[in-house]
Structures are given as C-alpha cells and as structure tokens.
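protein.txt (compact mmCIF, C-alpha atoms) appears below.
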# COMPACT_ATOMS: atom_id res chain seq x y z
CA MET A 19 7.50 33.95 -3.39
CA ASN A 20 8.65 31.53 -0.72
CA ASN A 21 11.11 28.69 -1.07
CA ASP A 22 10.25 27.07 2.26
CA SER A 23 8.29 23.88 1.57
CA SER A 24 6.69 23.84 5.04
CA THR A 25 5.22 27.31 4.45
CA HIS A 26 3.97 26.18 1.06
CA THR A 27 2.39 23.10 2.67
CA SER A 28 0.73 25.24 5.35
CA ARG A 29 -0.95 27.36 2.67
CA TRP A 30 -1.92 24.21 0.83
CA LYS A 31 -3.64 22.86 3.99
CA GLU A 32 -5.49 26.16 4.45
CA ARG A 33 -6.90 25.82 0.95
CA ARG A 34 -8.03 22.28 1.74
CA ALA A 35 -9.87 23.56 4.82
CA ILE A 36 -11.63 26.20 2.71
CA ARG A 37 -12.50 23.65 0.06
CA SER A 38 -13.94 21.26 2.66
CA HIS A 39 -16.48 23.96 3.57
CA GLY A 40 -17.89 23.96 0.07
CA LEU A 41 -15.76 26.27 -2.09
CA SER A 42 -15.97 25.33 -5.78
CA LYS A 43 -17.22 21.80 -5.13
CA GLN A 44 -18.77 21.56 -8.56
CA ALA A 45 -15.67 22.88 -10.31
CA ASN A 46 -13.39 20.59 -8.33
CA ALA A 47 -15.47 17.57 -9.30
CA LYS A 48 -14.90 18.45 -12.95
CA ASN A 49 -11.14 18.40 -12.32
CA SER A 50 -11.16 14.91 -10.80
CA ASN A 51 -10.00 13.12 -13.94
CA PRO A 52 -7.34 15.08 -15.85
CA VAL A 53 -7.03 13.84 -19.41
CA SER A 54 -4.03 12.12 -20.94
CA GLU A 55 -1.82 14.41 -23.00
CA ALA A 56 -2.88 12.36 -26.04
CA GLU A 57 -6.38 13.77 -25.49
CA TRP A 58 -5.40 17.39 -24.90
CA PRO A 59 -7.68 19.63 -27.02
CA ASP A 60 -6.36 21.49 -30.05
CA TRP A 61 -6.86 24.88 -28.42
CA LEU A 62 -4.35 24.09 -25.63
CA PRO A 63 -0.90 25.53 -26.55
CA VAL A 64 1.61 22.65 -26.21
CA TYR A 65 5.32 23.18 -26.81
CA SER A 66 8.50 21.14 -26.98
CA ASP A 67 11.30 21.95 -24.53
CA GLU A 68 13.13 23.90 -27.20
CA GLU A 69 10.07 25.89 -28.31
CA ALA A 70 9.15 26.78 -24.73
CA LYS A 71 12.39 28.65 -24.10
CA SER A 72 11.23 31.58 -26.21
CA LYS A 73 7.63 31.62 -25.01
CA GLY A 74 8.03 32.87 -21.43
CA GLU A 75 8.91 31.75 -17.92
CA ILE A 76 8.60 28.04 -17.12
CA GLY A 77 7.29 26.71 -13.82
CA ILE A 78 6.26 23.31 -12.44
CA LEU A 79 2.77 22.77 -11.06
CA ALA A 80 3.28 22.01 -7.37
CA ASP A 81 -0.31 21.57 -6.24
CA ILE A 82 -3.78 22.00 -7.68
CA ASN A 83 -6.74 22.63 -5.41
CA TYR A 84 -9.13 24.16 -7.89
CA PRO A 85 -9.35 27.08 -8.45
CA PHE A 86 -6.08 27.60 -6.55
CA TYR A 87 -2.70 26.28 -7.62
CA SER A 88 0.99 26.95 -7.10
CA LEU A 89 4.06 26.79 -9.31
CA LEU A 90 7.63 25.90 -8.43
CA TYR A 91 9.83 28.48 -10.14
CA LYS A 92 13.57 28.89 -9.56
CA GLY A 93 13.40 27.29 -6.12
CA SER A 94 10.38 29.27 -4.93
CA PHE A 95 6.63 28.70 -4.88
CA ILE A 96 4.31 31.13 -6.62
CA GLU A 97 0.64 31.17 -5.69
CA GLY A 98 -2.01 31.40 -8.39
CA LYS A 99 -5.76 31.27 -8.92
CA ALA A 100 -7.46 30.20 -12.12
CA GLU A 101 -10.26 32.62 -12.87
CA ARG A 102 -13.16 31.60 -15.05
CA GLY A 103 -12.59 31.15 -18.75
CA VAL A 104 -9.43 29.91 -20.44
CA GLN A 105 -7.33 29.78 -17.25
CA SER A 106 -9.93 27.61 -15.59
CA ASP A 107 -10.18 25.31 -18.61
CA ILE A 108 -6.39 24.89 -18.81
CA LEU A 109 -6.00 24.04 -15.12
CA LYS A 110 -8.61 21.29 -15.37
CA LEU A 111 -6.43 19.50 -17.94
CA LEU A 112 -3.19 19.50 -15.92
CA VAL A 113 -1.64 17.59 -13.03
CA VAL A 114 1.12 18.11 -10.50
CA GLY A 115 4.48 17.92 -12.26
CA ASP A 116 3.28 19.46 -15.50
CA MET A 117 5.62 22.17 -16.77
CA VAL A 118 3.81 25.33 -17.82
CA ILE A 119 4.67 28.61 -19.49
CA PHE A 120 3.35 31.53 -17.45
CA GLU A 121 3.31 35.30 -17.25
CA SER A 122 3.03 37.43 -14.11
CA SER A 123 1.51 40.86 -13.64
CA GLY A 124 1.81 42.19 -10.11
CA GLU A 125 0.31 39.55 -7.82
CA ALA A 126 -1.50 37.74 -10.65
CA ILE A 127 -0.07 34.99 -12.82
CA SER A 128 -1.55 33.35 -15.89
CA ILE A 129 -0.73 30.08 -17.65
CA LYS A 130 -0.04 30.54 -21.36
CA GLY A 131 0.87 27.03 -22.40
CA VAL A 132 2.21 23.64 -21.34
CA LEU A 133 5.30 21.61 -22.26
CA GLN A 134 5.06 18.13 -23.69
CA ARG A 135 5.24 15.49 -20.95
CA HIS A 136 8.31 13.24 -21.01
CA SER A 137 6.84 10.79 -18.50
CA LYS A 138 3.79 10.22 -16.33
CA ILE A 139 2.19 8.12 -13.63
CA ALA A 140 -1.32 7.19 -14.68
CA ARG A 141 -3.98 5.06 -13.10
CA LEU A 142 -5.58 2.87 -15.74
CA TYR A 143 -9.12 1.62 -15.52
CA THR A 144 -12.05 0.50 -17.64
CA ASP A 145 -15.08 2.72 -18.21
CA SER A 146 -18.06 0.41 -18.71
CA THR A 147 -20.15 3.27 -20.10
CA LYS A 148 -18.15 3.37 -23.33
CA ARG A 149 -18.53 1.21 -26.39
CA GLN A 150 -16.49 -1.95 -26.87
CA GLY A 151 -12.99 -1.01 -28.00
CA GLU A 152 -13.17 2.41 -26.36
CA ARG A 153 -13.36 1.35 -22.72
CA SER A 154 -9.80 2.02 -21.56
CA VAL A 155 -9.47 5.22 -19.53
CA GLU A 156 -6.31 6.82 -18.23
CA LYS A 157 -6.24 9.08 -15.16
CA VAL A 158 -2.90 10.85 -14.99
CA ILE A 159 -1.77 11.39 -11.39
CA ALA A 160 1.58 13.14 -11.90
CA ALA A 161 3.77 14.15 -14.85
CA ASN A 162 7.45 14.54 -15.75
CA ILE A 163 8.71 12.01 -13.21
CA ASP A 164 12.19 10.45 -13.14
CA ILE A 165 11.72 7.88 -10.36
CA GLY A 166 8.59 6.15 -9.10
CA VAL A 167 9.21 5.24 -5.45
CA ILE A 168 7.00 2.20 -4.85
CA VAL A 169 6.47 2.18 -1.09
CA ALA A 170 5.49 -1.12 0.55
CA SER A 171 5.42 -1.88 4.28
CA THR A 172 6.52 -5.13 5.87
CA THR A 173 3.31 -5.06 7.91
CA GLN A 174 0.31 -2.84 8.70
CA PRO A 175 -0.77 -3.08 5.89
CA GLN A 176 0.47 -6.49 4.81
CA PHE A 177 3.26 -6.71 2.25
CA ASN A 178 1.65 -7.07 -1.18
CA LEU A 179 3.87 -8.40 -3.98
CA ARG A 180 1.13 -8.40 -6.57
CA LEU A 181 0.44 -4.70 -6.07
CA ILE A 182 4.17 -3.95 -6.30
CA ASP A 183 4.36 -5.76 -9.64
CA ARG A 184 1.48 -3.69 -10.95
CA TYR A 185 3.10 -0.46 -9.83
CA MET A 186 6.23 -1.54 -11.69
CA VAL A 187 4.21 -1.95 -14.88
CA ILE A 188 2.55 1.45 -14.34
CA CYS A 189 6.03 3.00 -14.02
CA GLU A 190 7.29 1.30 -17.17
CA TYR A 191 4.12 2.31 -19.02
CA GLY A 192 4.75 5.96 -18.15
CA ASN A 193 8.51 5.95 -18.89
CA VAL A 194 9.33 6.21 -15.16
CA LYS A 195 12.15 4.29 -13.47
CA PRO A 196 10.79 2.22 -10.54
CA LEU A 197 12.46 2.01 -7.14
CA LEU A 198 11.12 -0.22 -4.35
CA CYS A 199 11.22 1.19 -0.83
CA ILE A 200 10.27 -1.23 1.94
CA THR A 201 9.18 0.53 5.14
CA LYS A 202 8.55 -0.45 8.78
CA ILE A 203 11.52 -2.80 9.00
CA ASP A 204 11.62 -1.95 12.71
CA LEU A 205 8.25 -3.75 13.10
CA GLU A 206 8.96 -6.80 10.96
CA LYS A 207 11.88 -8.14 8.98
CA SER A 208 11.86 -7.34 5.29
CA PRO A 209 10.91 -10.33 3.10
CA GLY A 210 13.40 -11.84 0.70
CA LEU A 211 12.80 -10.69 -2.86
CA PRO A 212 14.72 -13.02 -5.22
CA MET A 213 11.89 -12.65 -7.75
CA TYR A 214 13.20 -9.18 -8.60
CA ASP A 215 16.70 -10.31 -9.48
CA GLY A 216 17.36 -9.06 -12.99
CA SER A 217 14.59 -6.47 -12.88
CA ASN A 218 17.05 -3.53 -12.71
CA MET A 219 14.94 -2.05 -9.91
CA PRO A 220 16.84 -0.63 -6.90
CA ILE A 221 15.52 -1.83 -3.53
CA VAL A 222 16.05 0.06 -0.27
CA GLU A 223 14.79 -0.91 3.19
CA VAL A 224 13.98 1.87 5.67
CA SER A 225 12.54 2.62 9.07
CA ASN A 226 10.96 5.99 9.82
CA LYS A 227 11.41 5.24 13.51
CA THR A 228 15.10 4.30 13.60
CA LYS A 229 16.04 6.25 10.41
CA GLU A 230 17.76 3.14 9.02
CA GLY A 231 18.13 3.32 5.23
CA ILE A 232 16.98 6.96 4.98
CA GLU A 233 20.38 8.33 3.90
CA LYS A 234 20.66 5.66 1.22
CA LEU A 235 17.21 6.61 -0.08
CA LYS A 236 18.16 10.30 -0.17
CA GLU A 237 21.22 9.49 -2.25
CA LEU A 238 19.23 7.40 -4.73
CA LEU A 239 16.72 10.22 -5.21
CA LYS A 240 19.15 13.14 -5.26
CA GLY A 241 18.54 15.61 -8.07
CA LYS A 242 15.55 13.70 -9.46
CA ALA A 243 11.82 14.29 -9.76
CA CYS A 244 10.32 11.51 -7.65
CA VAL A 245 6.75 10.39 -6.98
CA PHE A 246 5.83 8.23 -3.99
CA LEU A 247 3.37 5.44 -4.79
CA GLY A 248 1.69 2.83 -2.64
CA SER A 249 -1.35 1.85 -0.61
CA SER A 250 -2.67 4.03 2.21
CA GLY A 251 -0.80 3.38 5.44
CA VAL A 252 2.49 2.10 3.99
CA GLY A 253 4.28 5.25 5.14
CA LYS A 254 4.60 7.52 2.08
CA SER A 255 3.88 10.76 3.92
CA SER A 256 5.91 9.63 6.95
CA LEU A 257 8.82 8.87 4.64
CA ILE A 258 8.78 12.39 3.19
CA ASN A 259 8.55 13.86 6.70
CA THR A 260 11.53 11.75 7.80
CA MET A 261 13.59 12.91 4.83
CA PHE A 262 12.84 16.56 5.65
CA GLY A 263 13.46 16.00 9.36
CA LYS A 264 10.16 17.70 10.23
CA GLU A 265 6.47 17.18 9.70
CA ILE A 266 5.32 18.80 6.46
CA LEU A 267 2.58 16.27 5.62
CA GLU A 268 -0.28 14.84 7.66
CA VAL A 269 0.13 11.18 8.56
CA GLY A 270 -2.86 8.84 8.60
CA GLU A 271 -3.65 6.03 11.00
CA ILE A 272 -4.07 2.30 10.43
CA SER A 273 -7.59 0.94 10.77
CA ARG A 274 -7.67 -1.63 13.57
CA LYS A 275 -10.53 -3.44 11.86
CA SER A 276 -9.08 -3.78 8.36
CA GLY A 277 -5.35 -3.34 8.99
CA MET A 278 -5.33 -0.92 6.04
CA GLY A 279 -4.29 2.70 5.99
CA MET A 280 -6.76 5.55 6.24
CA HIS A 281 -6.78 7.99 3.30
CA THR A 282 -5.05 11.21 4.45
CA THR A 283 -3.51 12.47 1.22
CA SER A 284 -6.38 13.23 -1.19
CA SER A 285 -4.41 14.72 -4.09
CA ALA A 286 -0.83 14.88 -5.31
CA SER A 287 1.46 17.56 -3.85
CA LEU A 288 5.00 18.57 -4.78
CA HIS A 289 7.78 19.46 -2.33
CA LEU A 290 11.31 20.70 -2.97
CA PHE A 291 14.00 18.85 -1.00
CA LYS A 292 17.44 20.41 -0.53
CA GLY A 293 17.04 22.60 -3.58
CA ASP A 294 17.50 19.96 -6.28
CA THR A 295 15.16 17.05 -5.51
CA VAL A 296 11.43 17.05 -6.17
CA LEU A 297 9.26 14.80 -3.99
CA ILE A 298 5.61 14.22 -4.90
CA ASP A 299 3.21 12.62 -2.45
CA THR A 300 0.14 10.86 -3.90
CA PRO A 301 -3.10 9.39 -2.55
CA GLY A 302 -2.98 5.73 -1.59
CA ILE A 303 -4.28 3.26 -4.17
CA ARG A 304 -5.42 -0.16 -2.97
CA SER A 305 -6.03 -1.70 -6.38
CA LEU A 306 -4.70 -1.07 -9.86
CA SER A 307 -6.24 -1.90 -13.19
CA LEU A 308 -4.09 -2.19 -16.29
CA GLY A 309 -6.91 -1.67 -18.75
CA ASN A 310 -4.96 0.71 -20.99
CA ILE A 311 -2.05 -1.69 -21.57
CA ASP A 312 -2.64 -4.21 -24.32
CA GLU A 313 -1.47 -7.80 -23.93
CA ASN A 314 1.09 -7.52 -26.73
CA SER A 315 2.92 -4.64 -25.05
CA LEU A 316 2.75 -6.00 -21.50
CA LYS A 317 5.64 -8.41 -22.13
CA THR A 318 7.98 -5.54 -22.96
CA TYR A 319 7.66 -4.29 -19.38
CA PHE A 320 9.26 -7.47 -18.02
CA HIS A 321 12.96 -6.94 -18.73
CA GLU A 322 13.83 -10.51 -17.77
CA PHE A 323 12.17 -11.66 -21.01
CA GLU A 324 14.29 -9.53 -23.35
CA GLU A 325 17.20 -11.95 -23.71
CA TYR A 326 15.00 -14.92 -24.62
CA ALA A 327 11.99 -13.49 -26.51
CA PRO A 328 13.80 -13.26 -29.90
CA GLN A 329 14.29 -17.04 -29.77
CA CYS A 330 10.55 -17.81 -29.63
CA GLU A 331 9.02 -19.69 -32.56
CA PHE A 332 6.48 -16.93 -33.17
CA SER A 333 7.42 -13.26 -33.41
CA ASP A 334 4.17 -12.21 -31.71
CA CYS A 335 4.50 -14.79 -28.94
CA THR A 336 2.73 -13.73 -25.73
CA HIS A 337 4.72 -16.30 -23.72
CA SER A 338 1.52 -17.82 -22.38
CA HIS A 339 0.04 -20.65 -24.49
CA GLU A 340 2.29 -20.80 -27.59
CA PRO A 341 4.54 -23.85 -28.31
CA LYS A 342 8.33 -23.51 -28.58
CA CYS A 343 8.36 -20.40 -26.36
CA ALA A 344 11.92 -19.54 -25.31
CA VAL A 345 10.69 -17.48 -22.38
CA LYS A 346 8.76 -20.41 -20.89
CA GLU A 347 11.80 -22.63 -21.42
CA ALA A 348 13.96 -20.09 -19.57
CA VAL A 349 11.49 -20.19 -16.68
CA GLU A 350 11.60 -23.99 -16.57
CA ASN A 351 15.41 -23.89 -16.57
CA GLY A 352 15.51 -21.38 -13.74
CA LYS A 353 16.94 -18.57 -15.87
CA ILE A 354 13.87 -16.38 -15.27
CA PRO A 355 12.34 -16.30 -11.75
CA LYS A 356 9.13 -18.32 -11.78
CA TRP A 357 7.41 -15.81 -9.53
CA ARG A 358 8.01 -13.02 -12.03
CA TYR A 359 6.61 -15.16 -14.84
CA ASP A 360 3.59 -16.14 -12.75
CA THR A 361 2.97 -12.46 -12.03
CA TYR A 362 3.14 -11.70 -15.74
CA ILE A 363 0.57 -14.41 -16.48
CA ARG A 364 -1.78 -13.14 -13.75
CA ILE A 365 -1.61 -9.60 -15.10
CA LEU A 366 -2.03 -10.88 -18.66
CA ASP A 367 -5.16 -12.78 -17.62
CA ASP A 368 -6.49 -9.68 -15.87
CA ILE A 369 -5.95 -7.56 -18.98
CA ARG A 370 -7.72 -10.11 -21.18
CA ARG A 371 -10.62 -10.26 -18.75
CA GLU A 372 -10.91 -6.46 -18.51
CA LYS A 373 -10.95 -6.18 -22.31
CA LYS A 374 -14.01 -8.42 -22.61
For the file at hand, write its structure as structure tokens.
Amino acid sequence: MNNDSSTHTSRWKERRAIRSHGLSKQANAKNSNPVSEAEWPDWLPVYSDEEAKSKGEIGILADINYPFYSLLYKGSFIEGKAERGVQSDILKLLVVGDMVIFESSGEAISIKGVLQRHSKIARLYTDSTKRQGERSVEKVIAANIDIGVIVASTTQPQFNLRLIDRYMVICEYGNVKPLLCITKIDLEKSPGLPMYDGSNMPIVEVSNKTKEGIEKLKELLKGKACVFLGSSGVGKSSLINTMFGKEILEVGEISRKSGMGMHTTSSASLHLFKGDTVLIDTPGIRSLSLGNIDENSLKTYFHEFEEYAPQCEFSDCTHSHEPKCAVKEAVENGKIPKWRYDTYIRILDDIRREKK
C-alpha cells in the first residue's frame, strides 16, 4: 500500500505505457462504455451502505486501466488486476468513484460486490442503431461525486457559456452540486456572469500561474469528492497540479490551428488531496448531448424557475409555447435572467430534435 498520490500516478502512467503497446486492446475496448447502474445485471452483487458494512472491506475505485485497477482504502492505494471470469466482468461494469466490497489474500485482491451509487457524472448521447424510444444511451464517467467542478478558461480555448450550462444540467441530472471554476484570469479578465445569479452555483476565478484563487478553491472542495469537468485545454490537470504544488498529471498543449486543447487525459483518475479530499480528473469533452433527459424533467434543473412554475396555467407547462406561463412572465419582468431562459430553450430544442 502507498498513500502518496504521485507514486500512485507514476504506476498509473506505467500501465498506460504498457497498454499503448497493445496489452488487452480488445478487452479495453469492451470497457469503453460502462453501463448505468440501472442496467447492472442481476448477477452483480449490489448493496446499500448499511448492508455493505457486514460484507467486507470497502474501497473506492481510483483508476481502471483494464485489466489493472487500484482502490483507495483508508488513505492508501491498493493495486489490483482483474483476472478472466467474474472479476473481469465486474470491472467492465464499474467506473472511477464506485465503492466496492473487496477481499485480499496476500498480494491479490478480489471485488465481491458494489455499493449503490448516490450520484454520478454521465455523458448522455443518442445511439442511432436502436429502435425509436430506446435511443438514449448513458455513459457514466465517474460515480459518488459531491461536487462537479466545471472548469472554463477565459481564453485558449474560448469561454463557452453554452457548454457550461450543459455541464450544469449534467451535474443536476446526476445529483452532483456544480461549481464553476474560471481559469487563466492572468491571460484575460474573467467575463461578467449575471446570468447565473440565483443559480446557487459557487463561482471561483483562478490562475495557475499566479496562484490567485487557488486557496479559495481548496476551501470550497475540502472534504468532498470532486470531479473536474470541461473541454480539453481549459486547465483541469494544471489546476490539480497547482493544488498539489507539484506535477502529478500530464498537461496538454493548445493547438495553434484550432485554439482548442489537445487530449492528454484519456480516462478518469482519482487522487487523494490532504487526506480528506478526493479529486478526479476526466477527459476533455467538447460537446455534450442531453439525450437521456426528457423535456418535462429539464425544467426542474433550472432552479430559477421554481418560485414561478406553480403559478403557470398548466401543471405540465414546459415554459416554451404555452399561454399564461408564469416563468415567461418572470423573464419579461426581469425576475429571471433572460440568458438563463434562452439557454433553457436552446437545450429544450436540442432535446426535442435528438428525440426525433
């Protein structure tokens, strides 16, 4: 066991190097789309928090590079390998952040079950190969998250409000509290964000170069399980390195041609910060579909609507085309930011289009 995250990361990089030379390419491809817990097979032992206490030791999946993986257990990292058979099948269903029940025998460990997820970050998309009505697909990226740190840069790549709004919905969908972290304020001034007034989302501005805002971010994340989300190049890995005060993650470059970040992080990885804070780095995502969120539930993810929605003429009002809509009236009267409403309508239109 080793509780030093840099040592853990070094081993993790070694496995990546091995994998890049062809180890278990076919098996790894099969693990590229972990299923939602709603689709877990009946043979997988799943327990509540209370049930798990009597079943064995509980660890958190820290990284998965099939067939290798590691668990965070009592502040240390335990290395494991999923052999063929049940262990292999179980690992293919799980993601970083999943809590598992395990047993150890000498150097070997084996996963015996998994705890129910209390939250998740999932990428939602539409699978055109499925029949109408069964096209929504959910790719879970990380599980059991408290805070989703939505990282957006002021420049290089360009600040993208629409993508931030979608990340907020993804967080709400997975029962994760969003936090917006604006990076590279040393390169360009942070934009004003009045559209998020009333969203209950903390906003912190930071610079990895000058360290401005870093201590505030640490305090907001203290003692929580946090996942860093955002496009490639916005500074997610750099941010984690700055928090640790040393380089534990590779940092990608910005493409001169596109102005977008280059993909350095290829899978989620978990790191323990100061003994009580979990930081999970994720691959950059340049576009987000919301195919698994229906139009009737989308409105519940916009907290600004809550005060006015009960006053709508129709109980199932989508706040788009219906008459006597209290939400639209609140927008017209300046009680709800117009930008937030416009974003809601854009996402609603996207969902309707993706469902066709």
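Proximity of A:Thr228, A:Thr172, A:Ser333, A:Gln134 to A:Pro63, computed with all atoms listed in the file, is greatest for A:Gln134.
The nearest approach to A:Thr300 among the residues A:Leu197, A:Leu239, A:Leu288, A:Ile165, with only C-alpha atoms taken into account, belongs to A:Leu288.
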message: Please report the interatomic distance between atom CA of A:Lys317 and atom CA of A:Lys157 in Å with one decimal.
response: 22.3 Å
- request: For A:Lys342, work out the shell of residues within 10 Å, counting only C-alpha atoms and skipping chain neighbours fewer than 2 positions away, then give it as a list in words.
  value: Gln329, Cys330, Glu331, Phe332, Cys335, His337, His339, Glu340, Ala344, Val345, Lys346 and Glu347 of chain A
query: From the list A:Leu211, A:Val224, A:Val114, A:Val252, which residue is nearest A:Ala286 when using all atoms listed in the file?
result: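 Result for the nearest residue to A:Ala286: A:Val114.
With all atoms listed in the file as the basis for measurement, A:Val349 is the residue among A:Ala100, A:Ile266, A:Ile369, A:Val349 that approaches A:Glu322 most closely.
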Between atom CA of A:Ile127 and atom CA of A:Asn83, distance in Å (one decimal):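 These two atoms are separated by 15.9 Å.
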